[in-house]
Structure formats: structure tokens, C-alpha cells
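Text of the file data_11.txt, holding compact mmCIF, C-alpha atoms:
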# COMPACT_ATOMS: atom_id res chain seq x y z
CA MET A 1 -24.47 39.09 -20.88
CA PRO A 2 -22.07 38.05 -18.13
CA LYS A 3 -20.40 34.69 -18.63
CA ILE A 4 -21.97 32.00 -16.54
CA VAL A 5 -19.33 30.10 -14.61
CA ASP A 6 -19.83 26.40 -14.12
CA HIS A 7 -18.18 26.11 -10.73
CA ASP A 8 -18.24 22.32 -10.63
CA GLN A 9 -16.57 22.12 -13.99
CA ARG A 10 -13.90 24.67 -13.10
CA ARG A 11 -13.23 22.90 -9.83
CA ALA A 12 -12.86 19.63 -11.74
CA GLU A 13 -10.47 21.30 -14.22
CA LEU A 14 -8.32 22.60 -11.40
CA ALA A 15 -8.31 19.20 -9.70
CA ASP A 16 -7.20 17.65 -13.01
CA ALA A 17 -4.40 20.20 -13.28
CA ALA A 18 -3.35 19.27 -9.73
CA LEU A 19 -3.23 15.59 -10.69
CA ASP A 20 -1.10 16.38 -13.75
CA ILE A 21 1.38 18.21 -11.56
CA ILE A 22 1.52 15.33 -9.07
CA ALA A 23 2.05 12.85 -11.92
CA LYS A 24 4.87 14.85 -13.46
CA ASP A 25 6.70 16.32 -10.47
CA GLY A 26 5.34 14.68 -7.33
CA ILE A 27 3.29 15.87 -4.38
CA LYS A 28 5.79 18.51 -3.29
CA ALA A 29 5.43 20.36 -6.58
CA LEU A 30 1.70 20.86 -5.92
CA THR A 31 1.18 24.55 -5.06
CA LEU A 32 -1.66 26.99 -5.75
CA ARG A 33 0.67 28.86 -8.10
CA ALA A 34 1.63 25.73 -10.06
CA VAL A 35 -2.06 24.82 -10.48
CA ALA A 36 -2.87 28.39 -11.56
CA GLU A 37 -0.12 28.30 -14.19
CA ALA A 38 -1.06 24.88 -15.47
CA ALA A 39 -4.77 25.71 -15.70
CA GLY A 40 -4.29 29.22 -17.08
CA TRP A 41 -5.98 31.05 -14.20
CA SER A 42 -4.75 33.46 -11.55
CA THR A 43 -3.80 32.16 -8.12
CA GLY A 44 -6.77 34.21 -6.88
CA VAL A 45 -9.17 32.07 -8.90
CA VAL A 46 -7.51 28.86 -7.70
CA ASN A 47 -7.66 30.18 -4.17
CA HIS A 48 -11.41 30.67 -4.53
CA TYR A 49 -11.85 26.92 -5.03
CA PHE A 50 -8.97 25.57 -2.97
CA SER A 51 -7.81 27.72 -0.10
CA SER A 52 -4.75 25.72 0.98
CA HIS A 53 -2.27 23.08 -0.11
CA HIS A 54 -4.26 20.52 1.84
CA ASP A 55 -7.50 21.60 0.14
CA LEU A 56 -5.80 21.11 -3.21
CA LEU A 57 -4.68 17.63 -2.20
CA VAL A 58 -8.21 16.71 -1.11
CA GLY A 59 -9.58 18.15 -4.36
CA ALA A 60 -7.11 16.10 -6.38
CA LEU A 61 -7.93 12.98 -4.34
CA ARG A 62 -11.66 13.44 -4.96
CA GLY A 63 -11.04 14.10 -8.63
CA ALA A 64 -8.95 10.92 -8.89
CA ALA A 65 -11.53 8.89 -6.95
CA GLU A 66 -14.37 10.16 -9.15
CA THR A 67 -12.50 9.40 -12.37
CA GLN A 68 -11.64 5.98 -11.05
CA GLY A 69 -15.24 5.41 -9.91
CA ARG A 70 -16.52 6.25 -13.41
CA MET A 71 -13.98 3.85 -14.88
CA PHE A 72 -15.05 1.07 -12.49
CA LYS A 73 -18.69 1.65 -13.49
CA GLN A 74 -17.90 1.65 -17.20
CA LEU A 75 -15.83 -1.56 -16.99
CA ARG A 76 -18.49 -3.17 -14.86
CA HIS A 77 -21.06 -2.72 -17.65
CA ASP A 78 -18.86 -3.26 -20.70
CA ALA A 79 -20.76 -6.04 -22.49
CA SER A 80 -17.96 -6.55 -25.01
CA LEU A 81 -15.80 -8.16 -22.31
CA THR A 82 -16.14 -11.52 -20.59
CA PRO A 83 -16.37 -11.36 -16.78
CA LEU A 84 -12.73 -12.47 -16.48
CA GLU A 85 -11.63 -9.79 -18.95
CA ARG A 86 -13.58 -7.23 -16.93
CA LEU A 87 -11.76 -8.37 -13.82
CA GLY A 88 -8.41 -8.04 -15.60
CA GLN A 89 -9.33 -4.53 -16.69
CA LEU A 90 -10.40 -3.60 -13.16
CA ILE A 91 -7.01 -4.65 -11.83
CA GLU A 92 -5.11 -3.00 -14.66
CA SER A 93 -7.05 0.24 -14.16
CA VAL A 94 -5.20 0.90 -10.88
CA LEU A 95 -1.68 -0.15 -11.87
CA PRO A 96 0.66 2.81 -12.48
CA LEU A 97 1.02 2.21 -16.24
CA ASP A 98 0.52 5.82 -17.38
CA ASP A 99 0.67 9.35 -15.97
CA ARG A 100 -2.92 9.40 -14.76
CA ARG A 101 -2.54 6.18 -12.82
CA ILE A 102 0.88 7.18 -11.48
CA ALA A 103 -0.67 10.37 -10.10
CA MET A 104 -3.52 8.38 -8.63
CA THR A 105 -1.22 5.94 -6.86
CA ARG A 106 0.86 8.82 -5.48
CA ILE A 107 -2.07 10.76 -4.15
CA PHE A 108 -3.70 7.72 -2.58
CA LEU A 109 -0.41 6.89 -0.85
CA VAL A 110 -0.31 10.37 0.66
CA PHE A 111 -3.82 9.98 1.98
CA TYR A 112 -3.26 6.45 3.26
CA ALA A 113 -0.39 7.86 5.31
CA GLU A 114 -2.51 10.79 6.45
CA ALA A 115 -5.63 8.76 7.15
CA ALA A 116 -4.14 7.23 10.29
CA ALA A 117 -4.18 10.66 11.97
CA ASN A 118 -7.02 12.40 10.10
CA PRO A 119 -10.56 10.97 10.50
CA ALA A 120 -11.97 12.92 7.51
CA ALA A 121 -9.30 11.60 5.16
CA ARG A 122 -9.78 8.15 6.63
CA GLU A 123 -13.52 8.14 6.00
CA GLU A 124 -13.02 9.19 2.39
CA ILE A 125 -10.42 6.46 1.77
CA VAL A 126 -12.42 3.78 3.58
CA ASP A 127 -15.48 4.58 1.43
CA TYR A 128 -13.40 4.50 -1.73
CA LEU A 129 -11.87 1.12 -0.85
CA ALA A 130 -15.27 -0.31 0.14
CA ASN A 131 -16.72 0.76 -3.22
CA TRP A 132 -13.74 -0.73 -5.06
CA ARG A 133 -14.19 -4.05 -3.22
CA ARG A 134 -17.93 -3.99 -4.01
CA VAL A 135 -17.32 -3.53 -7.74
CA VAL A 136 -14.70 -6.30 -7.78
CA ARG A 137 -16.97 -8.61 -5.77
CA ARG A 138 -19.77 -8.25 -8.33
CA VAL A 139 -17.45 -9.05 -11.22
CA VAL A 140 -15.98 -12.00 -9.31
CA ALA A 141 -19.55 -13.27 -8.80
CA GLU A 142 -20.12 -12.97 -12.55
CA CYS A 143 -16.92 -14.94 -13.17
CA GLN A 144 -18.26 -17.55 -10.78
CA GLU A 145 -21.58 -17.77 -12.67
CA ALA A 146 -19.59 -18.18 -15.88
CA GLY A 147 -17.58 -21.03 -14.31
CA GLN A 148 -14.31 -19.04 -14.34
CA VAL A 149 -14.01 -18.97 -10.55
CA PRO A 150 -14.63 -22.04 -8.34
CA ALA A 151 -18.30 -22.29 -7.32
CA ASP A 152 -17.46 -22.56 -3.62
CA ALA A 153 -15.17 -19.51 -3.49
CA ASP A 154 -16.05 -16.77 -0.99
CA THR A 155 -16.51 -13.81 -3.33
CA THR A 156 -16.30 -11.21 -0.55
CA LYS A 157 -12.92 -12.50 0.64
CA LEU A 158 -11.70 -12.96 -2.90
CA ALA A 159 -12.61 -9.34 -3.72
CA ALA A 160 -10.86 -8.01 -0.60
CA GLU A 161 -7.71 -9.94 -1.54
CA LEU A 162 -7.77 -8.93 -5.20
CA VAL A 163 -8.14 -5.28 -4.21
CA ALA A 164 -5.31 -5.57 -1.67
CA LEU A 165 -3.14 -7.34 -4.25
CA SER A 166 -3.86 -4.73 -6.93
CA ASP A 167 -3.19 -1.85 -4.56
CA GLY A 168 -0.04 -3.48 -3.15
CA LEU A 169 1.28 -4.10 -6.66
CA ALA A 170 0.48 -0.50 -7.63
CA MET A 171 2.39 0.86 -4.63
CA HIS A 172 5.38 -1.41 -5.01
CA ALA A 173 5.50 -0.73 -8.76
CA MET A 174 5.55 3.02 -8.05
CA LEU A 175 8.77 2.47 -6.13
CA ASP A 176 10.33 -0.28 -8.25
CA GLU A 177 9.36 -0.66 -11.90
CA GLN A 178 10.53 -4.27 -12.02
CA VAL A 179 7.51 -5.26 -9.97
CA LEU A 180 5.22 -4.58 -12.92
CA ASP A 181 7.34 -6.43 -15.48
CA GLY A 182 6.32 -9.86 -14.28
CA VAL A 183 2.65 -9.00 -13.89
CA THR A 184 2.04 -7.32 -17.24
CA ALA A 185 4.13 -9.51 -19.56
CA ASP A 186 2.74 -10.13 -23.08
CA GLY A 187 0.03 -7.48 -22.73
CA HIS A 188 -1.72 -9.62 -20.14
CA ILE A 189 -2.20 -9.25 -16.43
CA THR A 190 -1.18 -12.65 -15.15
CA LEU A 191 -1.53 -13.47 -11.49
CA GLN A 192 0.49 -16.52 -10.53
CA LEU A 193 -1.26 -16.55 -7.20
CA ALA A 194 -4.60 -17.24 -8.78
CA GLY A 195 -3.37 -20.03 -11.02
CA GLU A 196 -3.88 -20.67 -14.72
CA SER A 197 -7.68 -20.42 -14.69
CA TRP A 198 -7.25 -16.79 -13.70
CA ARG A 199 -5.22 -15.57 -16.65
CA LEU A 200 -6.71 -12.08 -16.82
CA ALA A 201 -6.79 -10.77 -20.35
CA ALA A 202 -6.16 -7.13 -21.13
CA ARG A 203 -7.74 -5.57 -24.21
CA MET B 204 35.77 5.26 35.53
CA PRO B 205 33.52 7.03 33.07
CA LYS B 206 30.52 5.08 31.87
CA ILE B 207 30.99 3.65 28.40
CA VAL B 208 28.07 4.52 26.19
CA ASP B 209 26.98 1.98 23.62
CA HIS B 210 25.87 4.44 20.95
CA ASP B 211 24.30 1.82 18.71
CA GLN B 212 22.27 0.46 21.55
CA ARG B 213 21.10 3.88 22.69
CA ARG B 214 20.20 4.81 19.13
CA ALA B 215 18.19 1.58 18.87
CA GLU B 216 16.43 2.33 22.17
CA LEU B 217 15.46 5.77 20.97
CA ALA B 218 14.24 4.37 17.65
CA ASP B 219 12.12 1.86 19.60
CA ALA B 220 10.67 4.67 21.68
CA ALA B 221 9.83 6.50 18.44
CA LEU B 222 8.02 3.41 17.13
CA ASP B 223 6.02 3.13 20.37
CA ILE B 224 4.89 6.72 19.99
CA ILE B 225 3.87 6.18 16.37
CA ALA B 226 1.96 3.04 17.33
CA LYS B 227 0.07 4.75 20.14
CA ASP B 228 -0.51 8.26 18.84
CA GLY B 229 0.43 8.34 15.17
CA ILE B 230 3.19 10.00 13.17
CA LYS B 231 2.22 13.54 14.15
CA ALA B 232 2.88 12.79 17.81
CA LEU B 233 6.51 11.94 17.02
CA THR B 234 8.68 14.78 18.36
CA LEU B 235 12.17 14.91 19.88
CA ARG B 236 10.56 15.88 23.19
CA ALA B 237 8.10 12.96 23.12
CA VAL B 238 10.94 10.52 22.40
CA ALA B 239 13.05 12.05 25.19
CA GLU B 240 10.18 11.67 27.68
CA ALA B 241 9.38 8.11 26.61
CA ALA B 242 13.02 6.99 26.74
CA GLY B 243 13.90 8.85 29.94
CA TRP B 244 16.58 11.08 28.39
CA SER B 245 16.87 14.81 27.82
CA THR B 246 15.96 16.27 24.43
CA GLY B 247 19.68 17.16 24.19
CA VAL B 248 20.62 13.48 24.23
CA VAL B 249 17.93 12.62 21.68
CA ASN B 250 19.11 15.51 19.55
CA HIS B 251 22.63 14.04 19.58
CA TYR B 252 21.35 10.94 17.78
CA PHE B 253 18.49 12.40 15.75
CA SER B 254 18.79 16.05 14.85
CA SER B 255 15.34 16.55 13.28
CA HIS B 256 11.85 15.14 13.01
CA HIS B 257 12.81 13.61 9.69
CA ASP B 258 15.91 12.00 11.19
CA LEU B 259 13.72 10.48 13.86
CA LEU B 260 11.37 9.08 11.23
CA VAL B 261 14.28 7.57 9.31
CA GLY B 262 15.66 6.13 12.55
CA ALA B 263 12.29 4.59 13.38
CA LEU B 264 11.99 3.22 9.83
CA ARG B 265 15.42 1.58 10.05
CA GLY B 266 14.60 0.20 13.47
CA ALA B 267 11.36 -1.27 12.16
CA ALA B 268 13.07 -2.68 9.06
CA GLU B 269 15.84 -4.27 11.14
CA THR B 270 13.39 -5.84 13.58
CA GLN B 271 11.34 -7.13 10.68
CA GLY B 272 14.47 -8.40 8.90
CA ARG B 273 15.48 -10.36 12.02
CA MET B 274 11.99 -11.81 12.20
CA PHE B 275 12.11 -12.84 8.53
CA LYS B 276 15.44 -14.55 9.13
CA GLN B 277 14.22 -16.34 12.24
CA LEU B 278 11.04 -17.59 10.52
CA ARG B 279 13.02 -18.64 7.49
CA HIS B 280 15.12 -21.01 9.64
CA ASP B 281 12.47 -22.21 12.10
CA ALA B 282 12.72 -25.98 11.66
CA SER B 283 9.65 -26.59 13.82
CA LEU B 284 7.43 -25.25 11.02
CA THR B 285 6.54 -26.76 7.65
CA PRO B 286 7.37 -24.56 4.64
CA LEU B 287 3.68 -23.61 4.28
CA GLU B 288 3.50 -22.69 7.98
CA ARG B 289 6.60 -20.55 7.53
CA LEU B 290 4.94 -18.79 4.63
CA GLY B 291 1.84 -18.17 6.75
CA GLN B 292 4.01 -16.72 9.50
CA LEU B 293 5.86 -14.50 7.05
CA ILE B 294 2.57 -13.04 5.87
CA GLU B 295 1.17 -12.70 9.37
CA SER B 296 4.35 -10.97 10.55
CA VAL B 297 3.46 -7.84 8.56
CA LEU B 298 -0.28 -7.65 9.26
CA PRO B 299 -1.21 -4.93 11.79
CA LEU B 300 -2.31 -7.35 14.52
CA ASP B 301 -0.50 -5.69 17.45
CA ASP B 302 1.06 -2.34 18.38
CA ARG B 303 4.48 -3.13 16.91
CA ARG B 304 3.06 -4.12 13.56
CA ILE B 305 0.61 -1.20 13.54
CA ALA B 306 3.54 1.18 14.03
CA MET B 307 5.46 -0.60 11.30
CA THR B 308 2.61 -0.30 8.80
CA ARG B 309 2.20 3.40 9.64
CA ILE B 310 5.83 4.26 9.26
CA PHE B 311 6.21 2.33 6.02
CA LEU B 312 3.18 4.15 4.61
CA VAL B 313 4.77 7.49 5.41
CA PHE B 314 7.95 6.49 3.62
CA TYR B 315 6.13 5.00 0.62
CA ALA B 316 4.45 8.38 0.20
CA GLU B 317 7.75 10.18 0.65
CA ALA B 318 9.80 7.85 -1.53
CA ALA B 319 8.27 9.23 -4.72
CA ALA B 320 10.00 12.56 -4.08
CA ASN B 321 13.01 11.48 -1.99
CA PRO B 322 15.62 9.21 -3.64
CA ALA B 323 17.28 8.25 -0.32
CA ALA B 324 13.97 7.12 1.19
CA ARG B 325 13.15 5.36 -2.05
CA GLU B 326 16.39 3.39 -2.08
CA GLU B 327 15.88 2.26 1.50
CA ILE B 328 12.30 1.10 0.81
CA VAL B 329 13.19 -0.59 -2.47
CA ASP B 330 15.97 -2.57 -0.73
CA TYR B 331 13.61 -3.56 2.07
CA LEU B 332 10.94 -4.76 -0.36
CA ALA B 333 13.50 -6.64 -2.47
CA ASN B 334 14.77 -8.44 0.65
CA TRP B 335 11.21 -9.27 1.70
CA ARG B 336 10.47 -10.74 -1.76
CA ARG B 337 13.72 -12.73 -1.63
CA VAL B 338 12.84 -14.30 1.72
CA VAL B 339 9.32 -15.15 0.54
CA ARG B 340 10.64 -16.57 -2.74
CA ARG B 341 12.94 -18.97 -0.87
CA VAL B 342 10.12 -20.21 1.33
CA VAL B 343 7.81 -20.55 -1.69
CA ALA B 344 10.53 -22.66 -3.35
CA GLU B 345 10.63 -24.85 -0.24
CA CYS B 346 6.84 -25.21 -0.42
CA GLN B 347 7.28 -26.25 -4.04
CA GLU B 348 9.87 -28.89 -3.11
CA ALA B 349 7.46 -30.17 -0.48
CA GLY B 350 4.68 -30.40 -3.09
CA GLN B 351 2.60 -27.65 -1.46
CA VAL B 352 2.89 -25.28 -4.42
CA PRO B 353 2.47 -26.46 -8.05
CA ALA B 354 5.77 -27.59 -9.57
CA ASP B 355 5.43 -25.29 -12.57
CA ALA B 356 4.72 -22.11 -10.58
CA ASP B 357 7.02 -19.13 -11.15
CA THR B 358 8.35 -18.60 -7.62
CA THR B 359 9.67 -15.09 -8.33
CA LYS B 360 6.28 -13.87 -9.54
CA LEU B 361 4.50 -15.71 -6.77
CA ALA B 362 6.72 -14.04 -4.17
CA ALA B 363 6.17 -10.58 -5.67
CA GLU B 364 2.41 -11.13 -5.57
CA LEU B 365 2.38 -12.54 -2.04
CA VAL B 366 4.40 -9.58 -0.79
CA ALA B 367 2.11 -7.11 -2.61
CA LEU B 368 -0.94 -8.92 -1.23
CA SER B 369 0.44 -8.93 2.34
CA ASP B 370 1.39 -5.28 2.17
CA GLY B 371 -1.91 -4.26 0.55
CA LEU B 372 -3.85 -6.16 3.22
CA ALA B 373 -1.75 -4.53 5.94
CA MET B 374 -2.44 -1.03 4.60
CA HIS B 375 -6.14 -1.59 4.03
CA ALA B 376 -6.49 -3.21 7.46
CA MET B 377 -4.84 -0.16 9.05
CA LEU B 378 -7.69 1.93 7.64
CA ASP B 379 -10.55 -0.55 8.00
CA GLU B 380 -10.37 -3.32 10.59
CA GLN B 381 -12.97 -5.43 8.78
CA VAL B 382 -10.38 -6.22 6.11
CA LEU B 383 -8.49 -8.43 8.57
CA ASP B 384 -11.54 -10.27 9.87
CA GLY B 385 -11.90 -12.43 6.78
CA VAL B 386 -8.20 -13.17 6.44
CA THR B 387 -7.42 -14.17 10.01
CA ALA B 388 -10.55 -16.15 10.92
CA ASP B 389 -10.08 -19.19 13.21
CA GLY B 390 -6.49 -18.27 14.03
CA HIS B 391 -5.46 -19.02 10.47
CA ILE B 392 -4.35 -16.84 7.62
CA THR B 393 -6.52 -18.05 4.79
CA LEU B 394 -6.04 -16.65 1.31
CA GLN B 395 -9.01 -17.39 -0.92
CA LEU B 396 -6.97 -16.25 -3.89
CA ALA B 397 -4.50 -19.05 -3.45
CA GLY B 398 -7.10 -21.79 -3.10
CA GLU B 399 -7.47 -24.59 -0.57
CA SER B 400 -3.98 -26.01 -0.96
CA TRP B 401 -2.65 -22.70 0.36
CA ARG B 402 -4.36 -22.70 3.72
CA LEU B 403 -1.59 -21.00 5.66
CA ALA B 404 -1.47 -22.14 9.25
CA ALA B 405 -0.56 -19.78 12.05
CA ARG B 406 1.06 -21.09 15.17

This entry written out as C-alpha cells:
Amino acid sequence: MPKIVDHDQRRAELADAALDIIAKDGIKALTLRAVAEAAGWSTGVVNHYFSSHHDLLVGALRGAAETQGRMFKQLRHDASLTPLERLGQLIESVLPLDDRRIAMTRIFLVFYAEAAANPAAREEIVDYLANWRRVVRRVVAECQEAGQVPADADTTKLAAELVALSDGLAMHAMLDEQVLDGVTADGHITLQLAGESWRLAAR
Amino acid sequence: MPKIVDHDQRRAELADAALDIIAKDGIKALTLRAVAEAAGWSTGVVNHYFSSHHDLLVGALRGAAETQGRMFKQLRHDASLTPLERLGQLIESVLPLDDRRIAMTRIFLVFYAEAAANPAAREEIVDYLANWRRVVRRVVAECQEAGQVPADADTTKLAAELVALSDGLAMHAMLDEQVLDGVTADGHITLQLAGESWRLAAR
């Protein structure tokens, strides 16, 4: 019986391999050949799923966005955490604290830069950011219900700022590790900006 | 008598022309020929100052960083503003609210993406961000002296977060104009995150 190929799964595997390469050696190291070697397939197979360097980048971006989307969803519904802990986890989930998140920050940066000139990339990024803000807004609203965020705060604005702050910190930390030192001291994400009531606990 | 050429000034003019092109048509429109046409020189002259596309990008980046550095300095010493107004102006000075700032955000994005793989670009960006944080930290300390920021706040952390927030907002606003709508309502920069005491007035 011929082996049945799960194309979605293989595509996801190759996208993961692409992310690993970006994490370890940067965007410029991402080639069809490098992905083939890392995933244990021929370049012909890789080429079947991703026909160019740009295709590979888009595949890796989508893979990163899907992984991140699943993580947002999981955190959003984790009943073992208080709303404020969930918020802390949401912020921490995008900071470049391990290889996966370093790769994610790198690839998003590339697409942010590209999005200005490429409407397809722009649409993808805009949707991703809108979803991220939506998830954060819901958790901020839960914090508000729990009395951990002022009752009169504008949750939509707060979410947009928290997402901008998280993303800005991620990008600056990619370039200068010292940026993270202050934010992640003592195993906590502490945001001075948001004051003491906002001490965001990490697990 | 032969005309004396001010090389620094001509280089700065060409870098400005490069920024104009990036603002209007994006990074991909930046070519030696386009700069030559915009500045009214031959491509040979442009080539004398910037020998490649990458050189042009670096020139434009330095031009943008210098302009922004002068603006930081000027705001920092503007005695007609309260410390909190100065802080508001510092934040507003990087948001993509006009062509110059749109070009600046675009070009910084390109170099953020490149910095991961290019140590020279990285060093330049890291220095720029460190200077930006230093300027903001000084103004935050002045706000603290004036009682507009809590006395026990960590000004270094606060500055790092404000700079990350400003930069994150700038990048997200480049991609999605709605992001700016909430922040710049009523001619003010209002940061929900920082609470009512932080209502940052624009001029």
C-alpha cells in the first residue's frame, strides 16, 4: 500500500525547520537546501511545498503565527491562572527568551519591513496584530472584572498599548539583551509603566 | 575660482533625498538613479558619495538618526514646555504622523530586520536606541522632580518601556492606521497604560 502523505503536516514540519534555521543562523541562512538538510528531505520535496526563498519565509511566518495563535488561545483559557497572570504570560510569550521566540521576533521583523511595500504581507501582519490585540483586550477586561485594572480604563486602548509595548520590547531585546534584564527580573514580568498594581506574574 | 564643494552638506542633501523617496514610494523605490533625479545631480555624483543601494540605505539611516537626535536635543532643552509636555513631544516625535516620520519608521524597520545578521547595522541601531532611552530617562527624571511621576519609580526601566512602547506604536501604526487613532485623539498623546497622571500634552 503506498504511504499516504499528510501534506499539511509535512508543510508544517518544513516550516518548523525553517524557523529553527532562522533562530540559529538568521534569515540569510534560510535556503531550500538548508531546510531540506534540517528536515531530512531532498530539496525537490521542499521545492514542492515552497518554491522560492520568499515562499519559505511566508511559510515560516504562517507557522510562527499559528503556533503563537494556539499559545494565545491556550493561555486565554488556562483556568489555573488569574487574569493578571494570564496577561503576564501573554506578554512573556512574545519576548525573545528562547530559540522559538527569537526566531519569531526575527521573522516578524522581516515582514514588518516588507509589509510597507507588499500588500499581501501587510494584510497577513495586520490580521495577526489585530488578533493579538483582541486576545489581550479580552484578558484585560477579565482583569478589570477582577478589580486588577481600573474600572474606567479603556480596554481597547490598553490592549493596543500593551501589544505595542510587548512587541517593542521584543524587538529592542533582539538587538540589545540588556533591554530584557530590567523587565524579567526575579522571574517576573514587571512593567514600571503600569505601576505596582500591574505586577505581572510569570509561572 | 573653482567652486568649493561642501561634501558633508552634499552627502546630507542626498541622504535627505533618499528619505523623501522612502517616505513616498517605499524602500524598494530607493535607487541611485532615483536619488540623482530627486536631488538634481547625475548618478555619477551620487555614486561618489554612495556606491551601492546598501550604502544609500545606511546614509539615509544616519541622516534620519541625526535629524532625530537633533530633535531629541532640542525638545530636551525647550524651556517653554513642562517636563511632561517634553515627554509627550519626545513620544510624538517618533510616531509616523507625517512623511518624515513615516520614512524614519520604514528605514528603522529595515535596519532592525538587518541588524540580526549584520553587526555594523546592529551597533548603529543599538547606539541609537541607547541614546533615545537616555534622553527619555532624563526627561522622566525631570517629571519625577516635578512630582508628575511617582517618586519611587525606576526611571531607567520606565524609559526603556516608554521607548519600546513608542517604537512599537510607530511600527504598528505604519501597518494599521487605526492604531494611532486612539493614541492621538484630541491633539493629545494619551497613554492609557500610564494612567491619568500621564496625560501627555502635545503642543

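If you take only C-alpha atoms and a cut-off of 6 Å, the residues of chain B that reach chain A are B:Leu312, B:Val313, B:Ala316, B:Leu361, B:Ala367, B:Leu368, B:Asp370, B:Gly371, B:Leu372, B:Gln395, B:Leu396, B:Ala397.
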
When distances are computed from only C-alpha atoms, which of A:Ala103, A:Ile189, A:Leu84, A:Ala38 shows the smallest separation from Val140 (chain A)?
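Checking each of A:Ala103, A:Ile189, A:Leu84, A:Ala38 against Val140 (chain A), counting only C-alpha atoms, the winner is A:Leu84.
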
Quick one: of A:Glu124, A:Asp20, A:Asp6, A:Asp152, who's nearest to Ile102 (chain A), counting only C-alpha atoms?
A:Asp20

Can you tell me how far CA of Ala79 (chain A) sits from CA of Arg134 (chain A), in Å to one decimal?
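Separation of CA of Ala79 (chain A) and CA of Arg134 (chain A): 18.8 Å.
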
Residue nearest Asn250 (chain B) - candidates B:Arg273, B:Glu380, B:His280, B:Arg214, atoms counted: all atoms listed in the file
B:Arg214

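Going from CA of Arg236 (chain B) to CA of Ser255 (chain B) covers 11.0 Å.
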
Using all atoms listed in the file - which residues lie no farther than 8 Å from the point (7.1, -5.2, 13.6) in the file's frame? Write them as a ChimeraX atom specification.
/B:267-268,270-271,296-297,303-307

Pick the closest to Glu66 (chain A) from A:Ala12, A:Leu32, A:Ile21, A:Ile91: which is it, counting only C-alpha atoms?
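Selected residue with least distance to Glu66 (chain A): A:Ala12.
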
Interatomic distance between CA of Leu233 (chain B) and CA of Leu259 (chain B)?
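Distance between the two atoms: 8.0 Å.
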
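The closest residue to Ala237 (chain B), picked from B:His256, B:Trp335, B:Glu295, B:Glu288 and counting all atoms listed in the file, is B:His256.
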
Nearest to Ile225 (chain B), chosen from B:Asp302, B:Phe275, B:His210, B:Thr285, with all atoms listed in the file counted in the distances:
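Ranking B:Asp302, B:Phe275, B:His210, B:Thr285 by distance to Ile225 (chain B), first place goes to B:Asp302.
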